[in-house]
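Here's query.cif, which has mmCIF, C-alpha atoms and all ligand atoms:
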data_entry
#
loop_
_atom_site.label_atom_id
_atom_site.label_comp_id
_atom_site.auth_asym_id
_atom_site.auth_seq_id
_atom_site.Cartn_x
_atom_site.Cartn_y
_atom_site.Cartn_z
CA MET A 828 13.20 -16.46 21.69
CA ALA A 829 10.68 -18.67 23.55
CA ASN A 830 7.14 -18.22 22.12
CA LYS A 831 8.34 -15.72 19.55
CA VAL A 832 7.48 -16.53 15.95
CA THR A 833 9.83 -14.86 13.48
CA MET A 834 8.60 -13.93 10.04
CA THR A 835 10.83 -16.60 8.48
CA GLN A 836 9.34 -19.27 10.74
CA PHE A 837 5.83 -18.01 10.00
CA LEU A 838 6.44 -18.09 6.24
CA ILE A 839 7.91 -21.58 6.30
CA GLU A 840 5.02 -22.86 8.42
CA GLN A 841 2.52 -21.23 6.07
CA GLN A 842 4.35 -22.76 3.11
CA ARG A 843 3.86 -26.21 4.64
CA GLU A 844 0.15 -25.57 5.18
CA TYR A 845 -0.49 -24.38 1.63
CA PRO A 846 1.55 -26.60 -0.69
CA GLY A 847 0.98 -24.13 -3.57
CA THR A 848 3.42 -21.70 -1.93
CA SER A 849 6.91 -22.57 -3.07
CA GLY A 850 10.21 -22.12 -1.30
CA THR A 851 11.10 -19.56 -3.95
CA PHE A 852 8.26 -17.38 -2.82
CA THR A 853 9.41 -17.56 0.81
CA MET A 854 12.93 -16.59 -0.26
CA LEU A 855 11.57 -13.68 -2.29
CA LEU A 856 9.66 -12.39 0.72
CA ASN A 857 12.80 -12.70 2.80
CA ASP A 858 14.65 -10.54 0.27
CA ILE A 859 11.92 -7.90 0.51
CA VAL A 860 12.19 -8.07 4.30
CA THR A 861 15.96 -7.50 4.07
CA ALA A 862 15.39 -4.41 1.90
CA CYS A 863 12.79 -3.04 4.31
CA LYS A 864 15.13 -3.50 7.27
CA GLN A 865 17.72 -1.40 5.44
CA ILE A 866 15.11 1.25 4.66
CA SER A 867 13.97 1.23 8.28
CA HIS A 868 17.54 1.87 9.36
CA LYS A 869 17.98 4.83 6.97
CA VAL A 870 14.61 6.36 7.90
CA ASN A 871 15.43 6.00 11.57
CA ARG A 872 18.89 7.59 11.27
CA GLY A 873 17.42 10.55 9.34
CA ASN A 874 19.54 13.66 9.38
CA LEU A 875 22.33 11.93 11.30
CA ILE A 876 23.27 10.42 7.96
CA GLY A 877 22.02 13.33 5.82
CA VAL A 878 19.20 11.51 4.04
CA LEU A 879 16.38 14.03 4.65
CA GLY A 880 15.26 16.80 2.30
CA SER A 881 14.62 17.20 -1.38
CA ALA A 882 16.68 15.59 -4.13
CA GLU A 883 15.64 18.49 -6.39
CA SER A 884 14.52 16.13 -9.13
CA GLU A 885 11.10 14.97 -10.34
CA ASN A 886 9.79 11.42 -10.72
CA VAL A 887 7.65 10.09 -13.59
CA GLN A 888 4.57 11.43 -11.86
CA GLY A 889 5.97 14.97 -11.97
CA GLU A 890 6.36 14.94 -8.18
CA VAL A 891 9.42 16.44 -6.52
CA GLN A 892 11.53 13.57 -5.20
CA LYS A 893 12.93 13.42 -1.71
CA LYS A 894 16.46 12.08 -1.28
CA LEU A 895 14.92 9.11 0.49
CA ASP A 896 12.57 8.38 -2.44
CA ILE A 897 15.65 7.70 -4.55
CA ILE A 898 17.66 5.91 -1.84
CA THR A 899 14.78 3.56 -0.94
CA HIS A 900 14.08 2.80 -4.61
CA GLU A 901 17.73 1.81 -5.04
CA ILE A 902 17.69 -0.35 -1.90
CA MET A 903 14.67 -2.28 -3.22
CA VAL A 904 16.19 -2.80 -6.68
CA GLU A 905 19.60 -3.86 -5.33
CA ALA A 906 18.03 -6.29 -2.85
CA LEU A 907 15.93 -7.99 -5.53
CA ASP A 908 17.44 -7.83 -9.03
CA TRP A 909 20.14 -10.51 -8.53
CA THR A 910 18.03 -13.11 -6.72
CA GLY A 911 16.79 -15.11 -9.71
CA HIS A 912 13.20 -14.97 -8.39
CA LEU A 913 11.97 -12.11 -10.56
CA ALA A 914 11.12 -11.46 -14.19
CA GLY A 915 10.95 -7.70 -13.58
CA MET A 916 9.96 -4.93 -11.19
CA LEU A 917 7.88 -1.79 -11.29
CA SER A 918 8.58 1.16 -9.02
CA GLU A 919 6.72 4.41 -8.45
CA GLU A 920 10.00 6.21 -9.03
CA VAL A 921 10.72 5.14 -12.62
CA ASP A 922 8.71 5.26 -15.81
CA GLU A 923 9.48 1.87 -17.37
CA PRO A 924 9.58 -1.54 -15.67
CA ILE A 925 12.98 -2.41 -14.22
CA LYS A 926 14.67 -5.22 -16.11
CA ILE A 927 16.70 -7.97 -14.48
CA PRO A 928 20.38 -7.38 -15.41
CA PRO A 929 21.49 -9.89 -18.08
CA GLN A 930 24.08 -11.57 -15.83
CA TYR A 931 21.34 -12.84 -13.46
CA PRO A 932 18.76 -15.59 -13.98
CA LYS A 933 15.11 -14.61 -14.34
CA GLY A 934 12.34 -16.05 -12.19
CA LYS A 935 8.57 -16.35 -12.13
CA TYR A 936 7.48 -13.37 -10.03
CA LEU A 937 7.00 -9.64 -10.47
CA VAL A 938 7.35 -7.16 -7.62
CA LEU A 939 5.59 -3.80 -7.89
CA PHE A 940 6.40 -1.24 -5.21
CA ASP A 941 6.14 2.25 -3.82
CA PRO A 942 9.47 2.40 -1.99
CA LEU A 943 8.57 5.34 0.27
CA ASP A 944 4.88 6.04 0.58
CA GLY A 945 3.81 9.27 2.28
CA SER A 946 7.24 10.77 1.68
CA SER A 947 5.92 14.31 2.25
CA ASN A 948 5.95 13.22 5.92
CA ILE A 949 9.59 12.31 6.07
CA ASP A 950 10.97 15.77 6.88
CA ILE A 951 8.44 16.28 9.69
CA ASN A 952 9.34 12.95 11.32
CA LEU A 953 5.99 11.24 10.79
CA THR A 954 5.19 7.72 9.66
CA VAL A 955 6.11 6.67 6.12
CA GLY A 956 6.13 3.22 4.56
CA THR A 957 6.97 0.83 1.73
CA ILE A 958 4.13 -0.84 -0.19
CA PHE A 959 4.59 -3.92 -2.37
CA SER A 960 2.57 -6.28 -4.52
CA ILE A 961 3.66 -9.64 -5.95
CA LEU A 962 2.32 -11.13 -9.18
CA ARG A 963 3.18 -14.34 -10.95
CA CYS A 964 4.70 -14.00 -14.42
CA ARG A 965 5.63 -16.14 -17.40
CA GLU A 966 8.82 -17.85 -16.25
CA GLY A 967 12.34 -17.11 -17.45
CA VAL A 968 11.46 -14.14 -19.66
CA ASP A 969 12.08 -10.41 -19.44
CA ALA A 970 8.72 -9.05 -18.29
CA GLU A 971 7.02 -6.74 -20.78
CA PRO A 972 4.95 -3.75 -19.61
CA GLU A 973 1.74 -5.74 -20.37
CA ASP A 974 2.82 -8.42 -17.88
CA PHE A 975 2.29 -5.90 -15.08
CA LEU A 976 -1.17 -4.81 -16.26
CA ARG A 977 -3.12 -7.38 -14.27
CA LYS A 978 -6.13 -7.09 -12.02
CA GLY A 979 -5.43 -6.80 -8.30
CA ALA A 980 -7.40 -10.03 -7.80
CA GLU A 981 -4.43 -11.85 -9.37
CA GLN A 982 -1.95 -10.75 -6.67
CA VAL A 983 -0.32 -13.65 -4.84
CA CYS A 984 0.92 -11.48 -2.01
CA ALA A 985 0.72 -7.88 -0.83
CA GLY A 986 2.25 -6.07 2.08
CA PHE A 987 3.41 -2.83 3.52
CA VAL A 988 5.99 -1.78 6.04
CA LEU A 989 5.39 1.13 8.38
CA TYR A 990 8.35 3.13 9.61
CA GLY A 991 6.72 4.64 12.66
CA PRO A 992 7.30 4.48 16.43
CA SER A 993 7.79 0.76 15.69
CA THR A 994 8.73 -0.66 12.32
CA MET A 995 5.96 -3.05 11.32
CA MET A 996 5.19 -5.26 8.36
CA VAL A 997 1.62 -6.16 7.43
CA LEU A 998 1.28 -9.06 5.05
CA THR A 999 -1.25 -11.18 3.18
CA THR A 1000 -0.78 -14.14 0.89
CA GLY A 1001 -4.55 -14.56 0.55
CA HIS A 1002 -5.05 -16.38 3.85
CA GLY A 1003 -5.82 -13.49 6.20
CA VAL A 1004 -3.61 -10.63 7.34
CA ASN A 1005 -0.79 -10.78 9.84
CA GLY A 1006 1.32 -8.04 11.42
CA PHE A 1007 4.98 -8.31 12.43
CA THR A 1008 7.02 -5.90 14.54
CA LEU A 1009 10.73 -5.42 13.92
CA ASP A 1010 12.67 -6.34 17.04
CA GLN A 1011 15.63 -3.98 16.66
CA ASP A 1012 17.70 -5.95 19.19
CA ILE A 1013 17.78 -9.10 17.10
CA GLY A 1014 17.00 -7.64 13.66
CA GLU A 1015 13.98 -9.91 13.08
CA PHE A 1016 10.33 -9.24 12.35
CA ILE A 1017 8.26 -11.00 15.05
CA LEU A 1018 4.62 -12.00 14.63
CA THR A 1019 2.76 -9.63 16.97
CA HIS A 1020 -0.66 -9.16 15.31
CA ARG A 1021 -2.15 -12.47 14.23
CA ASN A 1022 -5.18 -12.49 11.93
CA MET A 1023 -5.86 -8.76 11.82
CA THR A 1024 -9.50 -7.87 11.16
CA ILE A 1025 -11.11 -4.52 10.54
CA PRO A 1026 -13.70 -3.72 13.21
CA GLU A 1027 -17.13 -3.38 11.60
CA ASP A 1028 -18.46 -0.57 13.69
CA THR A 1029 -16.79 2.71 12.91
CA ARG A 1030 -17.19 6.38 13.65
CA GLU A 1031 -14.04 7.62 11.98
CA PHE A 1032 -13.36 8.87 8.49
CA ALA A 1033 -10.18 10.07 6.74
CA ILE A 1034 -10.22 12.44 3.80
CA ASN A 1035 -8.30 15.55 2.77
CA MET A 1036 -11.04 18.11 3.54
CA SER A 1037 -9.17 20.90 1.75
CA ASN A 1038 -10.36 19.35 -1.55
CA GLN A 1039 -14.02 19.43 -0.52
CA ARG A 1040 -15.17 21.92 -3.14
CA PHE A 1041 -13.72 19.72 -5.90
CA TRP A 1042 -15.50 16.46 -4.94
CA GLU A 1043 -18.39 14.72 -6.66
CA GLU A 1044 -21.86 14.74 -5.11
CA PRO A 1045 -21.81 11.18 -3.58
CA VAL A 1046 -18.63 11.95 -1.60
CA ARG A 1047 -19.94 15.35 -0.50
CA ARG A 1048 -23.13 13.67 0.68
CA TYR A 1049 -21.32 10.98 2.67
CA ILE A 1050 -18.94 13.38 4.42
CA ASP A 1051 -21.73 15.88 5.01
CA GLU A 1052 -23.78 13.23 6.78
CA CYS A 1053 -20.79 12.21 8.94
CA VAL A 1054 -20.11 15.83 9.90
CA GLN A 1055 -23.76 16.39 10.87
CA GLY A 1056 -23.24 13.75 13.57
CA THR A 1057 -26.13 13.20 15.98
CA ASP A 1058 -28.09 15.99 14.24
CA GLY A 1059 -28.00 14.21 10.85
CA PRO A 1060 -29.26 10.99 9.26
CA ARG A 1061 -26.43 8.87 10.75
CA GLY A 1062 -27.53 9.73 14.29
CA LYS A 1063 -23.99 9.48 15.68
CA ASN A 1064 -20.93 11.67 15.88
CA PHE A 1065 -17.88 10.94 13.73
CA ASN A 1066 -14.22 11.67 14.30
CA MET A 1067 -11.78 12.65 11.54
CA ARG A 1068 -8.09 11.84 10.91
CA TRP A 1069 -5.76 12.71 8.03
CA ILE A 1070 -2.12 11.62 8.26
CA ALA A 1071 -1.34 12.08 4.53
CA SER A 1072 0.41 8.71 4.55
CA LEU A 1073 -1.68 5.92 3.05
CA VAL A 1074 0.15 3.16 4.94
CA ALA A 1075 -0.46 4.85 8.28
CA GLU A 1076 -4.15 5.41 7.51
CA VAL A 1077 -4.61 1.77 6.44
CA TYR A 1078 -2.82 0.55 9.55
CA ARG A 1079 -5.11 2.66 11.74
CA ILE A 1080 -8.16 1.21 9.96
CA LEU A 1081 -6.84 -2.35 10.39
CA THR A 1082 -6.46 -1.64 14.09
CA ARG A 1083 -9.56 0.33 15.06
CA GLY A 1084 -11.75 0.51 11.95
CA GLY A 1085 -12.73 3.52 9.89
CA VAL A 1086 -12.96 4.57 6.31
CA PHE A 1087 -10.41 6.29 4.03
CA LEU A 1088 -11.23 8.20 0.87
CA TYR A 1089 -9.03 9.70 -1.80
CA PRO A 1090 -11.81 10.28 -4.33
CA TYR A 1091 -12.04 11.93 -7.72
CA ASP A 1092 -11.58 15.68 -7.56
CA SER A 1093 -11.70 18.37 -10.22
CA ARG A 1094 -8.74 20.49 -8.98
CA ASP A 1095 -6.53 19.61 -11.91
CA PRO A 1096 -8.27 18.04 -14.93
CA LYS A 1097 -4.97 16.38 -15.91
CA LYS A 1098 -4.82 14.63 -12.51
CA PRO A 1099 -8.34 13.68 -11.38
CA TYR A 1100 -7.11 10.97 -8.98
CA LYS A 1101 -4.14 10.77 -6.65
CA LEU A 1102 -3.29 7.19 -5.75
CA ARG A 1103 -1.66 4.71 -8.11
CA LEU A 1104 -3.48 1.48 -8.89
CA LEU A 1105 -0.70 -1.08 -9.27
CA TYR A 1106 1.52 -0.39 -6.28
CA GLU A 1107 -0.72 1.58 -3.88
CA ALA A 1108 -4.45 0.84 -4.32
CA ASN A 1109 -4.21 -2.85 -5.29
CA PRO A 1110 -1.91 -4.06 -2.51
CA VAL A 1111 -3.85 -2.19 0.19
CA ALA A 1112 -7.14 -3.41 -1.33
CA PHE A 1113 -5.94 -7.02 -1.10
CA ILE A 1114 -4.95 -6.51 2.55
CA VAL A 1115 -8.16 -4.69 3.46
CA GLU A 1116 -10.38 -7.36 1.86
CA GLN A 1117 -8.41 -10.12 3.55
CA ALA A 1118 -9.02 -8.34 6.87
CA GLY A 1119 -12.79 -8.33 6.25
CA GLY A 1120 -13.07 -4.79 4.88
CA ALA A 1121 -13.77 -3.49 1.38
CA CYS A 1122 -12.03 -1.32 -1.21
CA SER A 1123 -13.71 0.32 -4.19
CA THR A 1124 -13.25 3.09 -6.72
CA GLY A 1125 -16.79 4.13 -5.81
CA ARG A 1126 -18.12 2.36 -8.88
CA GLU A 1127 -16.10 -0.85 -9.07
CA ARG A 1128 -14.37 -3.27 -6.69
CA MET A 1129 -10.72 -2.20 -6.72
CA LEU A 1130 -9.38 -5.72 -7.26
CA ASP A 1131 -11.52 -6.04 -10.44
CA VAL A 1132 -10.16 -2.90 -12.15
CA LYS A 1133 -8.43 -3.81 -15.41
CA PRO A 1134 -5.26 -1.67 -15.53
CA GLN A 1135 -4.67 0.38 -18.68
CA SER A 1136 -1.24 1.80 -17.89
CA LEU A 1137 1.63 1.19 -15.47
CA HIS A 1138 1.30 4.35 -13.39
CA GLN A 1139 -2.48 4.69 -13.67
CA ARG A 1140 -4.25 6.53 -10.84
CA VAL A 1141 -7.61 5.60 -9.35
CA PRO A 1142 -10.11 6.94 -6.83
CA VAL A 1143 -9.81 4.97 -3.57
CA ILE A 1144 -12.47 4.29 -0.94
CA LEU A 1145 -11.53 1.65 1.65
CA GLY A 1146 -12.14 0.43 5.15
CA SER A 1147 -15.02 -0.93 7.19
CA LYS A 1148 -17.30 -2.85 4.85
CA ASP A 1149 -20.62 -1.22 5.75
CA GLU A 1150 -19.27 2.28 5.25
CA VAL A 1151 -17.64 1.45 1.90
CA GLU A 1152 -20.89 -0.18 0.75
CA ARG A 1153 -22.83 2.93 1.78
CA ILE A 1154 -20.48 5.19 -0.22
CA VAL A 1155 -20.70 2.89 -3.27
CA LYS A 1156 -24.51 3.00 -2.98
CA TYR A 1157 -24.39 6.82 -3.00
CA HIS A 1158 -22.26 6.66 -6.18
CA LEU A 1159 -24.69 4.28 -7.87
CA GLU A 1160 -27.68 6.43 -6.89
CA GLY A 1161 -25.94 9.61 -8.07
O1 LIG B 1201 1.51 8.38 -2.13
C1 LIG B 1201 0.55 9.33 -2.08
C2 LIG B 1201 0.24 9.86 -0.71
O2 LIG B 1201 1.39 10.38 -0.07
C3 LIG B 1201 -0.47 8.88 0.23
O3 LIG B 1201 0.39 8.17 1.06
C4 LIG B 1201 -1.39 9.78 1.02
O4 LIG B 1201 -2.55 9.11 1.42
C5 LIG B 1201 -1.70 10.91 0.06
O5 LIG B 1201 -0.69 10.90 -0.93
C6 LIG B 1201 -1.76 12.27 0.72
O6 LIG B 1201 -2.21 13.19 -0.19
P1 LIG B 1201 -2.39 14.77 0.14
O7 LIG B 1201 -1.00 15.31 0.22
O8 LIG B 1201 -3.17 15.28 -1.02
O9 LIG B 1201 -3.12 14.89 1.43
MN MN B 1202 2.80 6.60 -2.25
#
For the structure just supplied, provide its representation as structure tokens.
Amino acid sequence: MANKVTMTQFLIEQQREYPGTSGTFTMLLNDIVTACKQISHKVNRGNLIGVLGSAESENVQGEVQKKLDIITHEIMVEALDWTGHLAGMLSEEVDEPIKIPPQYPKGKYLVLFDPLDGSSNIDINLTVGTIFSILRCREGVDAEPEDFLRKGAEQVCAGFVLYGPSTMMVLTTGHGVNGFTLDQDIGEFILTHRNMTIPEDTREFAINMSNQRFWEEPVRRYIDECVQGTDGPRGKNFNMRWIASLVAEVYRILTRGGVFLYPYDSRDPKKPYKLRLLYEANPVAFIVEQAGGACSTGRERMLDVKPQSLHQRVPVILGSKDEVERIVKYHLEG
């Protein structure tokens, strides 16, 4: 183990450096890590243990659930509800906040999570992930729905785990962003990517082009100018990627820069946006800002959005700062 820093060691060292971070918080993160290791194992075993495919049910969002959406949700709840660190949880998979069972003590944190992001990728063996956000709460009470409706700027921690060729956790507690790789041999996350920063110069964008005819003018303009390459106003060629897994796109941007957009579109007036504010947009916005990038709705900094409802959706534009600022400028001009 010489020279290897485990996540536990990293968290304890960080706790010493920032006296505000309590031991409780470190224990809570450890419980999340334990859940994510279990999820990693299930995702990795796939059809050997019969966890792939549809569960033939719908979640609160009206989306068809995969078996693994349900299994991963249950893993998260079972790993966290008994610990005494939480006043409640919110999951993409259930309508109401999850209460702490009466036999367990209640704590001062809230965990909000998407247990299996990008789950449309699971049956084709591509990268999926778990996203989580931690908020502080009034202590010792059962959290009410309003307790979760807080601006992203109030998050004390955000992270995501990627189940890809390697299982990785990316984490911020508001002091930069660090990446850890799961060492399967010893079952520990090891610090492998210290102080991740988003490269400023980028020539890569990510957007689902099949929605092009439903976009607003500022987004059309931006993408149009990228696609024109050296013949257009940007004077350089751009590359495009679309993995359809937010965690994987954000990880790519943290590694080599770029910009990601899931903007407003007019396909379905009942569903003008795709991504959820509280457990998708906010945690990735916190991470992206901490890595030197930016995240906006196009008209407002993501972390300043005042949530109106638990499963609210928002337009998301994130990545290299200059590009995000350019897109915001196009929105303000439009
Ligand atoms: O959770 C929603 C999500 O799966 C994201 O991970 C991803 O970025 C997006 O939806 C993909 O959307 P679409 O299927 O429209 O390309
Ligand atoms: Mn998701």
Distance filter 9 Å around ligand LIG 1201 (chain B), atoms: only C-alpha atoms and all ligand atoms, out as number ranges by chain: A: 941, 943-948, 955-956, 1034-1038, 1069-1076, 1087-1089, 1101-1103, 1107
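Take atom CA of A:Leu907 and atom CA of A:Leu856: the distance between them is 9.9 Å.
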Point-to-point distance from atom CA of A:Asn1066 to atom CA of A:Glu1150, Å rounded to tenths: 14.0 Å
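Closest approach to ligand MN 1202 (chain B) among A:Ser918, A:Arg1128, A:Cys1122, A:Tyr1049: A:Ser918, based on all atoms listed in the file.
Nearest-residue note for ligand MN 1202 (chain B): choosing from A:Pro1110, A:Pro929, A:Pro1026, A:Gly1003, the minimum distance belongs to A:Pro1110, counting only C-alpha atoms and all ligand atoms.
Distances to A:Val832 were evaluated for A:Ile951, A:Ala862, A:Leu939, A:Leu1009 using all atoms listed in the file, and the minimum falls at A:Leu1009.
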Proximity to ligand MN 1202 (chain B) - best of A:Arg965, A:Arg1140, A:Lys1156, A:Lys926, only C-alpha atoms and all ligand atoms: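 Among the listed residues, A:Arg1140 lies closest to ligand MN 1202 (chain B).
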Length of the atom CA of A:Lys1097 to atom CA of A:Glu890 vector [Å]: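 Separation between atom CA of A:Lys1097 and atom CA of A:Glu890: 13.8 Å.
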Neighbour list for A:Met1023 as a list in words, cut-off 12 Å, only C-alpha atoms, skip fewer than 3 positions in-chain: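 Residues near the query, excluding close chain neighbours: Val997, Leu998, Thr999, His1002, Gly1003, Val1004, Asn1005, Gly1006, Phe1007, Leu1018, Thr1019, His1020, Pro1026, Val1077, Tyr1078, Arg1079, Ile1080, Leu1081, Thr1082, Arg1083, Gly1084, Ile1114, Val1115, Glu1116, Gln1117, Ala1118, Gly1119 and Gly1120 of chain A.
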